[in-house]
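> So I've got this file, input.tsv, and it contains TSV, C-alpha atoms and all ligand atoms:
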chain	number	residue	atom	x	y	z
A	209	MET	CA	42.34	-22.72	-71.53
A	210	PRO	CA	45.95	-23.63	-70.55
A	211	ALA	CA	47.10	-26.77	-72.11
A	212	GLY	CA	47.30	-29.93	-70.04
A	213	ILE	CA	44.33	-29.26	-67.74
A	214	ALA	CA	41.21	-31.24	-68.40
A	215	PRO	CA	37.96	-29.22	-68.95
A	216	GLU	CA	36.25	-31.31	-66.21
A	217	ILE	CA	38.62	-29.73	-63.66
A	218	TYR	CA	37.54	-26.22	-64.78
A	219	ILE	CA	33.88	-27.22	-64.53
A	220	ALA	CA	34.44	-28.62	-60.99
A	221	ILE	CA	36.22	-25.40	-59.87
A	222	ALA	CA	33.37	-23.27	-61.33
A	223	VAL	CA	30.75	-25.33	-59.44
A	224	VAL	CA	32.64	-24.94	-56.12
A	225	VAL	CA	32.97	-21.15	-56.62
A	226	LEU	CA	29.27	-20.89	-57.49
A	227	ILE	CA	28.22	-22.81	-54.34
A	228	ALA	CA	30.46	-20.63	-52.17
A	229	LEU	CA	28.96	-17.46	-53.71
A	230	ILE	CA	25.36	-18.64	-53.15
A	231	GLY	CA	26.19	-19.41	-49.53
A	232	PHE	CA	27.68	-15.96	-48.96
A	233	VAL	CA	24.75	-14.10	-50.55
A	234	GLY	CA	22.31	-16.27	-48.58
A	235	ARG	CA	23.99	-15.32	-45.32
A	236	ARG	CA	23.92	-11.61	-46.21
A	237	ARG	CA	20.20	-11.80	-46.88
A	238	LYS	CA	19.38	-13.11	-43.40
A	239	PRO	CA	18.12	-10.23	-41.19
A	240	PRO	CA	20.79	-9.04	-38.78
A	241	GLU	CA	20.44	-9.87	-35.08
A	242	ARG	CA	18.86	-6.79	-33.45
A	243	THR	CA	19.76	-5.84	-29.97
A	244	ASP	CA	17.76	-2.66	-29.78
A	245	VAL	CA	14.21	-3.98	-30.05
A	246	ASP	CA	11.83	-6.01	-27.98
A	247	THR	CA	12.46	-9.60	-28.97
A	248	GLY	CA	9.55	-10.97	-26.99
A	249	PRO	CA	7.88	-10.58	-23.66
A	250	ILE	CA	10.35	-9.95	-20.82
A	251	PRO	CA	9.28	-11.68	-17.66
A	252	LYS	CA	7.83	-9.02	-15.38
A	253	VAL	CA	9.22	-9.13	-11.90
A	254	GLU	CA	6.60	-7.99	-9.40
A	255	PRO	CA	8.20	-6.12	-6.52
A	256	GLU	CA	7.46	-7.24	-2.99
A	257	PRO	CA	5.44	-4.40	-1.50
A	258	ARG	CA	6.94	-2.97	1.65
A	259	ALA	CA	5.66	-0.83	4.44
A	260	THR	CA	8.55	1.58	4.17
A	261	THR	CA	10.76	2.51	1.29
A	262	ALA	CA	14.14	0.87	1.90
A	263	GLU	CA	14.68	-2.59	0.47
A	264	ALA	CA	15.05	-5.44	2.88
A	265	PRO	CA	18.68	-6.51	3.12
A	266	GLY	CA	19.35	-10.10	2.21
A	267	ALA	CA	16.24	-10.40	0.02
A	268	GLU	CA	16.77	-13.38	-2.28
A	269	ALA	CA	17.25	-12.67	-5.97
A	270	PRO	CA	14.73	-14.36	-8.25
A	271	PRO	CA	16.18	-17.54	-9.76
A	272	VAL	CA	15.75	-16.26	-13.31
A	273	ALA	CA	18.68	-15.81	-15.66
A	274	ALA	CA	16.85	-13.03	-17.47
A	275	PRO	CA	18.25	-9.62	-18.33
A	276	PRO	CA	17.86	-7.17	-15.44
A	277	VAL	CA	14.44	-5.55	-15.45
A	278	GLU	CA	13.94	-2.09	-14.03
A	279	VAL	CA	11.06	-2.23	-11.58
A	280	GLU	CA	9.44	0.79	-10.03
A	281	ALA	CA	7.94	-0.06	-6.66
A	282	PRO	CA	5.30	0.03	-5.33
A	283	LYS	CA	2.96	1.65	-7.89
A	284	PRO	CA	2.08	-1.35	-10.07
A	285	SER	CA	0.99	-3.52	-7.20
A	286	LEU	CA	-1.14	-0.84	-5.57
A	287	ARG	CA	-2.89	-0.29	-8.87
A	288	ASP	CA	-3.50	-4.00	-9.21
A	289	ARG	CA	-4.72	-4.35	-5.65
A	290	LEU	CA	-7.19	-1.53	-6.08
A	291	THR	CA	-8.90	-3.26	-8.98
A	292	LYS	CA	-12.32	-3.13	-7.34
A	293	SER	CA	-12.17	0.56	-6.49
A	294	ARG	CA	-10.69	1.36	-9.85
A	295	ARG	CA	-13.39	-0.43	-11.78
A	296	PHE	CA	-16.06	1.12	-9.63
A	297	LEU	CA	-14.88	4.68	-10.18
A	298	SER	CA	-13.77	4.29	-13.78
A	299	ASP	CA	-17.06	2.65	-14.79
A	300	ARG	CA	-19.00	5.50	-13.31
A	301	LEU	CA	-16.66	8.16	-14.59
A	302	ALA	CA	-16.77	6.60	-18.05
A	303	ASN	CA	-20.38	7.81	-18.20
A	304	ALA	CA	-19.36	11.25	-17.11
A	305	PHE	CA	-16.35	11.45	-19.37
A	306	GLY	CA	-17.93	9.93	-22.45
A	307	ARG	CA	-18.60	13.36	-23.92
A	308	ALA	CA	-17.48	16.98	-23.75
A	309	PRO	CA	-18.15	18.26	-20.22
A	310	ASP	CA	-21.63	19.63	-19.64
A	311	GLU	CA	-23.91	20.02	-16.65
A	312	GLU	CA	-24.70	16.30	-16.64
A	313	THR	CA	-20.97	15.51	-16.48
A	314	TRP	CA	-20.67	17.31	-13.17
A	315	GLU	CA	-23.72	15.57	-11.78
A	316	ASP	CA	-22.28	12.19	-12.80
A	317	VAL	CA	-18.90	13.01	-11.23
A	318	GLU	CA	-20.55	14.04	-7.99
A	319	ALA	CA	-22.68	10.88	-7.90
A	320	ALA	CA	-19.65	8.66	-8.61
A	321	LEU	CA	-17.68	10.27	-5.78
A	322	ILE	CA	-20.54	9.91	-3.31
A	323	GLN	CA	-20.97	6.25	-4.23
A	324	ALA	CA	-17.22	5.73	-3.80
A	325	ASP	CA	-17.62	6.86	-0.15
A	326	VAL	CA	-15.85	10.18	-0.46
A	327	GLY	CA	-18.68	11.69	1.58
A	328	VAL	CA	-21.48	13.94	0.38
A	329	GLU	CA	-20.00	17.22	1.52
A	330	ALA	CA	-16.56	16.46	0.06
A	331	ALA	CA	-18.05	15.18	-3.20
A	332	THR	CA	-20.03	18.38	-3.63
A	333	LYS	CA	-16.99	20.52	-2.92
A	334	ILE	CA	-14.77	18.57	-5.30
A	335	THR	CA	-17.35	18.82	-8.06
A	336	GLU	CA	-17.88	22.55	-7.57
A	337	ASP	CA	-14.13	23.19	-7.61
A	338	LEU	CA	-13.72	20.99	-10.65
A	339	LYS	CA	-16.44	22.81	-12.50
A	340	SER	CA	-15.09	26.29	-11.88
A	341	GLU	CA	-11.51	25.22	-12.57
A	342	ALA	CA	-12.57	23.62	-15.86
A	343	ARG	CA	-14.36	26.82	-16.84
A	344	GLU	CA	-11.39	28.98	-15.89
A	345	ARG	CA	-8.88	26.83	-17.76
A	346	ARG	CA	-11.30	26.49	-20.70
A	347	ILE	CA	-11.17	22.73	-20.50
A	348	THR	CA	-13.25	21.02	-23.12
A	349	THR	CA	-12.17	17.39	-23.35
A	350	ALA	CA	-13.00	14.45	-21.11
A	351	GLY	CA	-9.29	13.59	-20.76
A	352	GLU	CA	-8.53	17.03	-19.40
A	353	VAL	CA	-11.39	16.82	-16.90
A	354	ARG	CA	-10.04	13.49	-15.67
A	355	GLY	CA	-6.59	15.04	-15.18
A	356	LEU	CA	-8.16	17.93	-13.31
A	357	LEU	CA	-10.12	15.55	-11.08
A	358	ALA	CA	-6.90	13.71	-10.21
A	359	GLU	CA	-5.24	17.02	-9.26
A	360	GLU	CA	-8.25	18.02	-7.20
A	361	LEU	CA	-8.38	14.71	-5.31
A	362	VAL	CA	-4.67	14.75	-4.52
A	363	SER	CA	-4.91	18.34	-3.29
A	364	LEU	CA	-7.51	17.31	-0.70
A	365	PHE	CA	-4.96	15.12	1.04
A	366	ASP	CA	-2.28	16.76	3.09
A	367	THR	CA	0.59	16.35	0.66
A	368	GLU	CA	3.10	18.00	3.00
A	369	THR	CA	2.62	15.73	5.99
A	370	ASP	CA	5.23	13.13	6.88
A	371	ARG	CA	3.69	9.69	6.50
A	372	ALA	CA	6.73	7.67	7.53
A	373	LEU	CA	6.52	5.81	10.84
A	374	THR	CA	8.54	7.43	13.59
A	375	PHE	CA	11.32	5.58	15.37
A	376	ALA	CA	12.56	6.62	18.79
A	377	PRO	CA	16.17	7.80	19.12
A	378	GLN	CA	16.77	5.03	21.66
A	379	LYS	CA	15.76	1.38	21.61
A	380	PRO	CA	13.11	0.21	21.81
A	381	THR	CA	10.78	2.21	19.61
A	382	VAL	CA	7.23	1.62	20.87
A	383	TRP	CA	4.20	1.63	18.60
A	384	MET	CA	0.63	1.02	19.79
A	385	VAL	CA	-1.98	-0.40	17.45
A	386	LEU	CA	-5.61	0.54	18.11
A	387	GLY	CA	-8.98	-0.07	16.54
A	388	VAL	CA	-12.29	-1.85	16.65
A	389	ASN	CA	-12.14	-5.68	16.59
A	390	GLY	CA	-12.19	-7.16	13.12
A	391	THR	CA	-10.64	-4.14	11.41
A	392	GLY	CA	-7.34	-5.95	10.88
A	393	LYS	CA	-5.22	-4.99	13.92
A	394	THR	CA	-3.59	-8.38	14.41
A	395	THR	CA	-2.92	-8.84	10.72
A	396	THR	CA	-1.43	-5.35	10.46
A	397	ILE	CA	0.83	-5.99	13.45
A	398	GLY	CA	2.04	-9.19	11.78
A	399	LYS	CA	2.73	-7.37	8.52
A	400	LEU	CA	4.54	-4.52	10.28
A	401	ALA	CA	6.65	-6.98	12.27
A	402	ALA	CA	7.54	-8.91	9.11
A	403	ASP	CA	8.56	-5.73	7.35
A	404	LEU	CA	10.83	-4.79	10.24
A	405	THR	CA	12.41	-8.22	10.74
A	406	GLY	CA	12.95	-8.28	6.97
A	407	ARG	CA	15.19	-5.29	7.51
A	408	ASP	CA	17.09	-6.99	10.31
A	409	ARG	CA	15.29	-5.19	13.11
A	410	LYS	CA	14.55	-7.12	16.28
A	411	VAL	CA	10.86	-6.97	17.02
A	412	SER	CA	8.74	-7.78	20.08
A	413	LEU	CA	4.98	-7.88	20.23
A	414	ALA	CA	2.91	-7.25	23.36
A	415	ALA	CA	-0.39	-9.10	23.62
A	416	ALA	CA	-2.17	-6.34	25.55
A	417	ASP	CA	-5.61	-7.31	24.25
A	418	THR	CA	-6.25	-9.64	27.17
A	419	PHE	CA	-10.03	-9.38	26.82
A	420	ARG	CA	-10.63	-11.16	23.56
A	421	ALA	CA	-10.52	-14.93	23.64
A	422	ALA	CA	-7.56	-16.34	21.73
A	423	ALA	CA	-6.23	-12.89	20.77
A	424	ASP	CA	-2.77	-13.90	21.98
A	425	GLU	CA	-2.87	-17.20	20.07
A	426	GLN	CA	-3.62	-15.33	16.89
A	427	LEU	CA	-0.83	-12.89	17.62
A	428	GLN	CA	1.54	-15.80	18.32
A	429	ILE	CA	0.88	-17.15	14.82
A	430	TRP	CA	1.79	-13.80	13.29
A	431	ALA	CA	4.82	-13.42	15.56
A	432	ASP	CA	6.10	-16.81	14.38
A	433	ARG	CA	5.49	-15.94	10.75
A	434	ALA	CA	7.29	-12.64	11.12
A	435	GLY	CA	10.15	-13.91	13.26
A	436	ALA	CA	9.19	-11.67	16.18
A	437	GLU	CA	8.98	-12.39	19.91
A	438	LEU	CA	5.73	-12.23	21.85
A	439	VAL	CA	5.12	-11.21	25.44
A	440	LYS	CA	1.78	-12.36	26.84
A	441	HIS	CA	0.00	-12.94	30.15
A	442	GLN	CA	-3.04	-14.96	31.14
A	443	PRO	CA	-6.37	-14.07	29.51
A	444	GLY	CA	-8.08	-11.31	31.48
A	445	ALA	CA	-4.79	-9.99	32.89
A	446	ASP	CA	-4.20	-6.26	33.25
A	447	PRO	CA	-3.23	-4.89	29.79
A	448	GLY	CA	-1.04	-2.27	31.44
A	449	ALA	CA	0.95	-5.01	33.16
A	450	VAL	CA	1.48	-6.80	29.83
A	451	ALA	CA	2.70	-3.58	28.26
A	452	TYR	CA	5.06	-2.96	31.19
A	453	ASP	CA	6.53	-6.46	31.03
A	454	ALA	CA	6.86	-6.26	27.28
A	455	LEU	CA	8.77	-3.00	27.59
A	456	GLN	CA	11.15	-4.50	30.17
A	457	HIS	CA	11.61	-7.57	27.98
A	458	ALA	CA	12.28	-5.42	24.91
A	459	ARG	CA	14.85	-3.41	26.85
A	460	ALA	CA	16.60	-6.45	28.26
A	461	ARG	CA	16.75	-8.14	24.86
A	462	GLU	CA	17.73	-4.91	23.07
A	463	MET	CA	14.81	-5.12	20.71
A	464	ASP	CA	14.54	-2.38	18.11
A	465	VAL	CA	10.77	-2.12	18.04
A	466	LEU	CA	7.97	-3.12	20.41
A	467	ILE	CA	4.49	-3.24	18.87
A	468	VAL	CA	1.63	-3.26	21.37
A	469	ASP	CA	-1.66	-4.88	20.40
A	470	THR	CA	-4.65	-3.43	22.25
A	471	ALA	CA	-8.27	-4.33	22.81
A	472	GLY	CA	-10.97	-3.11	20.47
A	473	ARG	CA	-13.71	-3.84	22.95
A	474	LEU	CA	-13.82	-4.49	26.68
A	475	HIS	CA	-16.01	-6.72	28.81
A	476	THR	CA	-15.48	-4.64	31.91
A	477	LYS	CA	-16.99	-1.43	33.21
A	478	THR	CA	-13.82	0.53	32.44
A	479	PRO	CA	-14.30	2.52	29.26
A	480	LEU	CA	-12.03	1.33	26.47
A	481	MET	CA	-10.47	4.74	25.96
A	482	ASP	CA	-9.44	4.88	29.63
A	483	GLU	CA	-7.83	1.48	29.31
A	484	LEU	CA	-5.89	2.55	26.21
A	485	ALA	CA	-4.76	5.73	27.97
A	486	LYS	CA	-3.58	3.62	30.91
A	487	ILE	CA	-1.45	1.38	28.67
A	488	ARG	CA	0.10	4.47	27.20
A	489	ARG	CA	0.81	5.98	30.61
A	490	VAL	CA	2.53	2.80	31.75
A	491	ILE	CA	4.81	2.83	28.72
A	492	GLU	CA	5.46	6.54	28.90
A	493	LYS	CA	6.71	6.32	32.46
A	494	GLU	CA	9.85	4.80	31.03
A	495	GLY	CA	9.74	5.38	27.32
A	496	LYS	CA	7.72	6.99	24.59
A	497	VAL	CA	5.01	5.83	22.23
A	498	THR	CA	6.13	7.29	18.92
A	499	GLU	CA	3.18	5.94	16.95
A	500	ALA	CA	-0.41	5.20	17.96
A	501	LEU	CA	-1.77	3.68	14.78
A	502	LEU	CA	-5.51	3.48	14.33
A	503	VAL	CA	-6.60	0.61	12.09
A	504	ILE	CA	-9.68	1.34	9.99
A	505	ASP	CA	-11.44	-1.19	7.78
A	506	ALA	CA	-12.04	0.41	4.37
A	507	THR	CA	-14.94	-1.95	3.66
A	508	ALA	CA	-16.88	-0.49	6.61
A	509	GLY	CA	-17.25	2.73	4.64
A	510	GLN	CA	-18.68	5.73	6.43
A	511	ASN	CA	-19.66	3.54	9.43
A	512	GLY	CA	-16.00	2.88	10.11
A	513	LEU	CA	-15.47	6.61	10.29
A	514	VAL	CA	-17.90	7.01	13.13
A	515	GLN	CA	-16.10	4.38	15.23
A	516	ALA	CA	-12.74	5.81	14.29
A	517	ARG	CA	-13.62	9.29	15.41
A	518	GLU	CA	-13.92	8.16	19.03
A	519	PHE	CA	-10.44	6.62	19.00
A	520	ALA	CA	-8.98	9.57	17.18
A	521	GLU	CA	-10.29	12.02	19.74
A	522	ALA	CA	-9.34	10.06	22.83
A	523	ALA	CA	-6.27	8.01	22.10
A	524	GLY	CA	-3.75	10.46	20.64
A	525	VAL	CA	-3.70	8.71	17.28
A	526	THR	CA	-0.69	9.61	15.12
A	527	GLY	CA	-1.63	7.79	11.94
A	528	VAL	CA	-4.20	5.59	10.26
A	529	VAL	CA	-3.68	2.18	8.70
A	530	LEU	CA	-6.48	1.70	6.19
A	531	THR	CA	-6.99	-2.05	5.74
A	532	LYS	CA	-8.85	-4.20	3.21
A	533	LEU	CA	-8.53	-1.65	0.43
A	534	ASP	CA	-8.23	-4.64	-1.89
A	535	GLY	CA	-11.69	-5.77	-0.87
A	536	THR	CA	-13.70	-2.63	-1.36
A	537	ALA	CA	-15.09	-0.76	-4.30
A	538	LYS	CA	-15.16	2.36	-2.20
A	539	GLY	CA	-11.62	3.68	-2.08
A	540	GLY	CA	-12.99	7.20	-1.59
A	541	ILE	CA	-13.09	6.48	2.14
A	542	ALA	CA	-9.38	7.34	2.27
A	543	LEU	CA	-10.21	10.91	1.43
A	544	ALA	CA	-13.07	11.05	3.89
A	545	ILE	CA	-10.80	9.79	6.67
A	546	GLU	CA	-8.16	12.44	6.21
A	547	ARG	CA	-10.70	15.21	5.85
A	548	THR	CA	-12.87	14.12	8.76
A	549	LEU	CA	-10.29	12.92	11.25
A	550	GLY	CA	-7.45	15.18	10.25
A	551	ILE	CA	-5.01	12.30	10.79
A	552	PRO	CA	-2.67	11.13	8.04
A	553	ILE	CA	-3.17	7.70	6.53
A	554	LYS	CA	0.30	6.20	6.83
A	555	LEU	CA	-0.18	2.68	5.55
A	556	VAL	CA	-2.70	0.70	3.57
A	557	GLY	CA	-3.53	-2.99	3.84
A	558	VAL	CA	-4.12	-4.57	0.47
A	559	GLY	CA	-4.47	-8.26	1.26
A	560	GLU	CA	-4.24	-10.92	3.93
A	561	GLY	CA	-0.61	-11.87	3.30
A	562	LEU	CA	2.48	-10.91	5.24
A	563	GLN	CA	3.64	-8.58	2.49
A	564	ASP	CA	0.33	-6.87	1.84
A	565	LEU	CA	1.04	-3.58	3.54
A	566	GLU	CA	2.12	-0.50	1.66
A	567	PRO	CA	3.04	3.07	2.43
A	568	PHE	CA	0.27	5.49	1.59
A	569	ASP	CA	1.04	8.15	-0.95
A	570	PRO	CA	-1.88	10.34	-2.07
A	571	LYS	CA	-0.69	10.74	-5.65
A	572	THR	CA	0.02	7.04	-6.18
A	573	PHE	CA	-3.32	6.24	-4.61
A	574	VAL	CA	-5.33	8.68	-6.74
A	575	ASP	CA	-3.49	7.62	-9.89
A	576	ALA	CA	-4.26	4.01	-9.08
A	577	LEU	CA	-7.90	4.85	-8.41
A	578	LEU	CA	-8.50	6.77	-11.62
A	579	SER	CA	-6.32	4.80	-14.02
A	601	LIG	P1	-8.52	-7.65	14.43
A	601	LIG	O1	-9.74	-8.23	15.07
A	601	LIG	O2	-8.64	-6.16	14.32
A	601	LIG	O3	-7.25	-8.07	15.05
A	601	LIG	O4	-8.55	-8.16	12.92
A	601	LIG	P2	-7.73	-9.33	12.23
A	601	LIG	O5	-6.32	-8.94	12.04
A	601	LIG	O6	-8.00	-10.59	12.93
A	601	LIG	O7	-8.43	-9.33	10.79
A	601	LIG	C1	-9.80	-9.60	10.59
A	601	LIG	C2	-9.97	-10.20	9.19
A	601	LIG	O8	-9.62	-9.23	8.21
A	601	LIG	C3	-9.09	-11.40	8.93
A	601	LIG	O9	-9.81	-12.35	8.20
A	601	LIG	C4	-7.94	-10.85	8.08
A	601	LIG	O10	-7.39	-11.81	7.23
A	601	LIG	C5	-8.66	-9.77	7.31
A	601	LIG	N1	-7.77	-8.70	6.85
A	601	LIG	C6	-6.96	-7.92	7.59
A	601	LIG	N2	-6.32	-7.01	6.81
A	601	LIG	C7	-6.74	-7.22	5.53
A	601	LIG	C8	-6.45	-6.60	4.25
A	601	LIG	O11	-5.69	-5.64	4.12
A	601	LIG	N3	-7.10	-7.12	3.17
A	601	LIG	C9	-7.97	-8.15	3.28
A	601	LIG	N4	-8.56	-8.58	2.15
A	601	LIG	N5	-8.26	-8.75	4.45
A	601	LIG	C10	-7.65	-8.30	5.57
Show me this structure written as C-alpha cells.


Amino acid sequence: MPAGIAPEIYIAIAVVVLIALIGFVGRRRKPPERTDVDTGPIPKVEPEPRATTAEAPGAEAPPVAAPPVEVEAPKPSLRDRLTKSRRFLSDRLANAFGRAPDEETWEDVEAALIQADVGVEAATKITEDLKSEARERRITTAGEVRGLLAEELVSLFDTETDRALTFAPQKPTVWMVLGVNGTGKTTTIGKLAADLTGRDRKVSLAAADTFRAAADEQLQIWADRAGAELVKHQPGADPGAVAYDALQHARAREMDVLIVDTAGRLHTKTPLMDELAKIRRVIEKEGKVTEALLVIDATAGQNGLVQAREFAEAAGVTGVVLTKLDGTAKGGIALAIERTLGIPIKLVGVGEGLQDLEPFDPKTFVDALLS
C-alpha cells in the first residue's frame, strides 16, 4: 500500500469497482432482445373481400401503427363465411375418415355429399371415382382420402373457364341481372356497383323491374350506398323503355358500367322470359350485354336449380352469382349448378353487406369446404 493514502480510500475504491462489475454481469445475463421470433399476437388484418381481383384505389389504410402484415386475399374470409357448410361436411366426413378406408367409408362419403346438396347422381359418381382412384393409388389413410376427395371435387368444376366479368371495349359496359324474386338480385347489384365505384368506375343502375312494388326504392337505397346513379320510371312502366333510357343516360354521362335489374316474376300475361329477351333486344340495338348474370339462392338447394334451369335455357345466361352461401349448410349446390346448368359460377354472395361478394374459384371453394 503506497504511503500517504488512507486504507479507507482503498476500501471505497474496491466497493465502487465491485458495484460496477455486478452491474455489468447483471446486464449480460439479461436475455438479448430477439427480433426473429413471434413476440406476441400480431393483429390480423382481415382483407375486404372484392368481386374482382384488383385492389380498390384510394382504399384507406388501417389506423394501426403495427408492422406490415402480409395478407392473402380472399381465402381466409371465404373459409370463415362458409362455416356452416364446412361444419356440415366436416362433421359428416369425420365419421367417414375416422378410420382406414373401407366399404363403409365410401357409403358415408356418398351420404355426406348427397346431404350437402351435390345431387344424387354426382355424389354417386364422385364416390365411385374416389374409390377406384384410392385403390389404384393404394391409398390407406383418411388424410389421403380427404386430399383425393378435394381433387375430385375441384375436377368436377370447369377449371379452365374464365370466371371474370366481361367489360365491353366501349363505354358503357352493360350487365343484366336475372333471377327469381328473393334470391338476392337487388343486393347483388348493390354489391357489384360498390365494387366498381370503389375502383373509380362510374356506375348506373336501371330499375327495369317495374312490376314489383317498391323494387326501385330498394334499388335506390343500394345505389346511394354504392355511389351509383339510378334510372327509373313509374311502377308498371315498360321495362324495355327503362332499359333504353338508362342506356342513353349512361352514354350521355359517360358511365363505365350500366347494371340492369330485371323482374323475377310478372303480373301480366307476357311470359317473363319474353320480357327479359325484349329488354336485351332493346339494349342490343345500340350496344351489347356482355354479362347476363343469373342469381341463385344457395339456401334453396335443389329447388333453386329447377327455377334456374328455365332462366338458363331462355335468357342467354353468361354466369351465375350464388348468393347466401354464408347461410347454408349445403355448399354442394355449387357443384350441382355447374354440372346441371353448364354455366360458370362467377361470384358468390357471402353476407348481406356491401362487401360480401367474392369471385368464385373452385379450388378456394373446395378447400374452404373441406378444411
Ligand atoms: P331480390 O328479390 O332477388 O332482389 O332479393 P334481395 O336482394 O332483396 O334479397 C333478399 C334477401 O336476401 C334480403 O334479405 C337480403 O339481405 C338477403 N341476401 C341477399 N344476398 C345475401 C347473401 O349473400 N347472404 C345473406 N345471408 N343474405 C343475402

> Neighbours of ligand LIG 601 (chain A) at 6 Å or closer, counting all atoms listed in the file: which residues, as a list of chain:residue names?

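These are the residues that qualify: A:Asn389, A:Gly390, A:Thr391, A:Gly392, A:Lys393, A:Thr394, A:Thr395, A:Thr531, A:Lys532, A:Asp534, A:Gly535, A:Gly557, A:Val558, A:Gly559, A:Glu560.
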
> Go ahead and write the residues just picked, C-alpha atoms, as a tab-separated table (two decimals), in the coordinates of the input.


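The file below, part-v7.tsv, is the result:
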chain	number	residue	atom	x	y	z
A	389	ASN	CA	-12.14	-5.68	16.59
A	390	GLY	CA	-12.19	-7.16	13.12
A	391	THR	CA	-10.64	-4.14	11.41
A	392	GLY	CA	-7.34	-5.95	10.88
A	393	LYS	CA	-5.22	-4.99	13.92
A	394	THR	CA	-3.59	-8.38	14.41
A	395	THR	CA	-2.92	-8.84	10.72
A	531	THR	CA	-6.99	-2.05	5.74
A	532	LYS	CA	-8.85	-4.20	3.21
A	534	ASP	CA	-8.23	-4.64	-1.89
A	535	GLY	CA	-11.69	-5.77	-0.87
A	557	GLY	CA	-3.53	-2.99	3.84
A	558	VAL	CA	-4.12	-4.57	0.47
A	559	GLY	CA	-4.47	-8.26	1.26
A	560	GLU	CA	-4.24	-10.92	3.93

> Residues near Glu329 of chain A, anyone? I mean within 12 Å using only C-alpha atoms, not counting same-chain ones fewer than 4 positions away, as a list in words.

Glu318, Ala319, Leu321, Ile322, Asp325, Lys333, Ile334, Thr335, Glu336, Leu543, Ala544, Arg547 and Thr548 of chain A

> Rank A:Asp569, A:Ser363, A:Ser579, A:Asp446 by their smallest atom-to-atom distance to Thr478 of chain A, using all atoms listed in the file, and report the top residue only.

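Going through A:Asp569, A:Ser363, A:Ser579, A:Asp446 one by one, the smallest distance to Thr478 of chain A is for A:Asp446.
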
> What is the atom CA of Lys410 of chain A-atom CA of Ala431 of chain A distance in Å, reported with one decimal?

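Atom-to-atom, atom CA of Lys410 of chain A to atom CA of Ala431 of chain A, that is 11.6 Å.
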
> Ranking A:Ala542, A:Ala537, A:Val450, A:Ile491 by minimum distance to Gln323 of chain A and counting all atoms listed in the file, which one comes first?

A:Ala537

> Within 8 Å of Leu562 of chain A, counting only C-alpha atoms, which residues show up once you throw out same-chain ones fewer than 6 positions away? Write them as a list in words, please.

Thr395, Gly398, Lys399, Ala402 and Ala434 of chain A

> Write the residues of the selection above to a file with C-alpha atoms, as a PDB file, in the coordinates of the input.


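New file result20.pdb:
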ATOM      1  CA  THR A 395      -2.920  -8.840  10.720  1.00  0.00           C
ATOM      2  CA  GLY A 398       2.040  -9.190  11.780  1.00  0.00           C
ATOM      3  CA  LYS A 399       2.730  -7.370   8.520  1.00  0.00           C
ATOM      4  CA  ALA A 402       7.540  -8.910   9.110  1.00  0.00           C
ATOM      5  CA  ALA A 434       7.290 -12.640  11.120  1.00  0.00           C
TER       6      ALA A 434
END
